[in-house]
Each structure stands twice: as structure tokens, then as C-alpha cells.
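Reading through the C-alpha cells given below for one structure.
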Amino acid sequence: MVGIDHDPTAVEVARENLVVNDLAGQIDLSTRPVADIEETYDIVVANILTHILLSLRDDLLARVRPGGTLLLSGI
């Protein structure tokens, strides 16, 4: 699993939460851009502002395996 955020503080807090929940090392967390991720996934989830979702549309879709699911939410 991979988790990304543009905010380094959010990534650090997420890492701390992984430790608290005995999940350290099971999720790769980073601030790298979606476009830099080469892997594809069965499920891709993005929870950010609508205009950002729209600007990332192609990059997000490219991360979804054929037959996979893209879940989007935001304000």
C-alpha cells in the first residue's frame, strides 16, 4: 500500500499513527507526486479539494488497474 500527501507534516503524523496501530512498515508513505508513481492498484482513493482532483484526474486514473476502482471525495 502507498499513501501520499503534499504536506510533509501530514505524512509524519500518518507514520506516527501507523506505529500506534502496529502497522509500521506496511504502508509506504511519502510526499512524491502522483505522476511519479509507476505502480497501478486495484483501489485508488483521493480525498482532496475538487479542483485538485480535477487537475490530477489523468494521473489518478493511470494508477488504477483495469477493472479497478477509483474513489474520490472532497469539498
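Chains: A, B, ... in order of the C-alpha cells. Residues: from 1 per chain. Ligands: from 1, in order shown.
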Selection: 8 Å around range 34-51 of chain A, only C-alpha atoms, excl. self and same-chain fewer than 5 positions, as a PyMOL selection string
chain A and resi 4+56+59-60+62-75
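Excluding Val2 in chain A itself and any same-chain residue fewer than 5 positions from it, the protein and nucleic acid residues within 8 Å of it, counting only C-alpha atoms, are Ile27, Asp28 and Leu29 of chain A.
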Find the residue from A:Leu53, A:Pro33, A:Asn17, A:Asp58 that sits nearest to Asp5 in chain A; use only C-alpha atoms when measuring.
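The closest residue to Asp5 in chain A is A:Pro33.
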Atom-to-atom span, CA of Thr31 in chain A and CA of His6 in chain A, Å
5.1 Å
Please, which residues of chain A, numbered as in this document, come out helix (DSSP H, G or I) from DSSP, as a list in words?
Pro8, Thr9, Ala10, Val11, Glu12, Val13, Ala14, Arg15, Glu16, Asn17, Leu18, Val19, Val20, Val34, Ala35, Asp36, Thr50, His51, Ile52, Leu53, Leu54, Ser55, Arg57, Asp58, Asp59, Leu60, Leu61 and Ala62 of chain A
Could you write out that same residue set with C-alpha atoms as a compact mmCIF listing (two decimals), in the first residue's frame?
# COMPACT_ATOMS: atom_id res chain seq x y z
CA PRO A 8 5.28 16.60 4.96
CA THR A 9 3.70 17.12 8.38
CA ALA A 10 0.66 15.06 7.36
CA VAL A 11 2.98 12.26 6.22
CA GLU A 12 4.87 12.35 9.52
CA VAL A 13 1.64 12.21 11.54
CA ALA A 14 0.45 9.31 9.39
CA ARG A 15 3.72 7.48 10.12
CA GLU A 16 3.19 8.02 13.85
CA ASN A 17 -0.35 6.64 13.52
CA LEU A 18 0.98 3.55 11.75
CA VAL A 19 3.27 2.89 14.71
CA VAL A 20 0.44 3.36 17.22
CA VAL A 34 1.00 11.00 -8.05
CA ALA A 35 2.55 11.33 -11.51
CA ASP A 36 5.83 9.87 -10.16
CA THR A 50 -12.45 19.21 -6.12
CA HIS A 51 -10.30 21.49 -8.28
CA ILE A 52 -7.22 19.49 -7.28
CA LEU A 53 -8.99 16.20 -8.04
CA LEU A 54 -9.80 17.53 -11.48
CA SER A 55 -6.21 18.61 -12.10
CA ARG A 57 -7.63 13.23 -12.95
CA ASP A 58 -5.36 11.66 -15.57
CA ASP A 59 -2.63 10.79 -13.06
CA LEU A 60 -5.13 9.19 -10.68
CA LEU A 61 -6.79 7.19 -13.46
CA ALA A 62 -3.39 5.98 -14.63
Pick out each residue of chain A that DSSP on the backbone tags as strand (DSSP E or B); I need them as a PyMOL selection string.
chain A and resi 2-4+28-30+41-47+64-73
Restrict the selected residues to C-alpha atoms and save them as a PDB file, in the first residue's frame.
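The file below, part.pdb, is the result:
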ATOM      1  CA  VAL A   2       1.034   3.551  -0.685  1.00  0.00           C
ATOM      2  CA  GLY A   3      -0.101   6.793   0.916  1.00  0.00           C
ATOM      3  CA  ILE A   4       0.897  10.223  -0.330  1.00  0.00           C
ATOM      4  CA  ASP A  28       4.807   3.335   2.062  1.00  0.00           C
ATOM      5  CA  LEU A  29       4.140   6.983   2.950  1.00  0.00           C
ATOM      6  CA  SER A  30       5.691   9.879   1.068  1.00  0.00           C
ATOM      7  CA  TYR A  41      -3.565  -0.577  -7.832  1.00  0.00           C
ATOM      8  CA  ASP A  42      -6.910  -2.292  -7.510  1.00  0.00           C
ATOM      9  CA  ILE A  43      -8.207   0.617  -5.432  1.00  0.00           C
ATOM     10  CA  VAL A  44      -7.092   4.254  -5.542  1.00  0.00           C
ATOM     11  CA  VAL A  45      -8.581   6.741  -3.065  1.00  0.00           C
ATOM     12  CA  ALA A  46      -8.167  10.516  -3.197  1.00  0.00           C
ATOM     13  CA  ASN A  47      -9.653  12.905  -0.641  1.00  0.00           C
ATOM     14  CA  VAL A  64      -5.945   2.282 -11.342  1.00  0.00           C
ATOM     15  CA  ARG A  65      -5.574  -1.248 -12.722  1.00  0.00           C
ATOM     16  CA  PRO A  66      -8.039  -2.321 -15.409  1.00  0.00           C
ATOM     17  CA  GLY A  67     -11.256  -3.282 -13.629  1.00  0.00           C
ATOM     18  CA  GLY A  68     -10.120  -1.400 -10.506  1.00  0.00           C
ATOM     19  CA  THR A  69     -11.885   1.268  -8.507  1.00  0.00           C
ATOM     20  CA  LEU A  70     -11.185   4.989  -8.132  1.00  0.00           C
ATOM     21  CA  LEU A  71     -12.831   6.573  -5.077  1.00  0.00           C
ATOM     22  CA  LEU A  72     -12.858  10.369  -4.963  1.00  0.00           C
ATOM     23  CA  SER A  73     -14.046  12.676  -2.224  1.00  0.00           C
TER      24      SER A  73
END
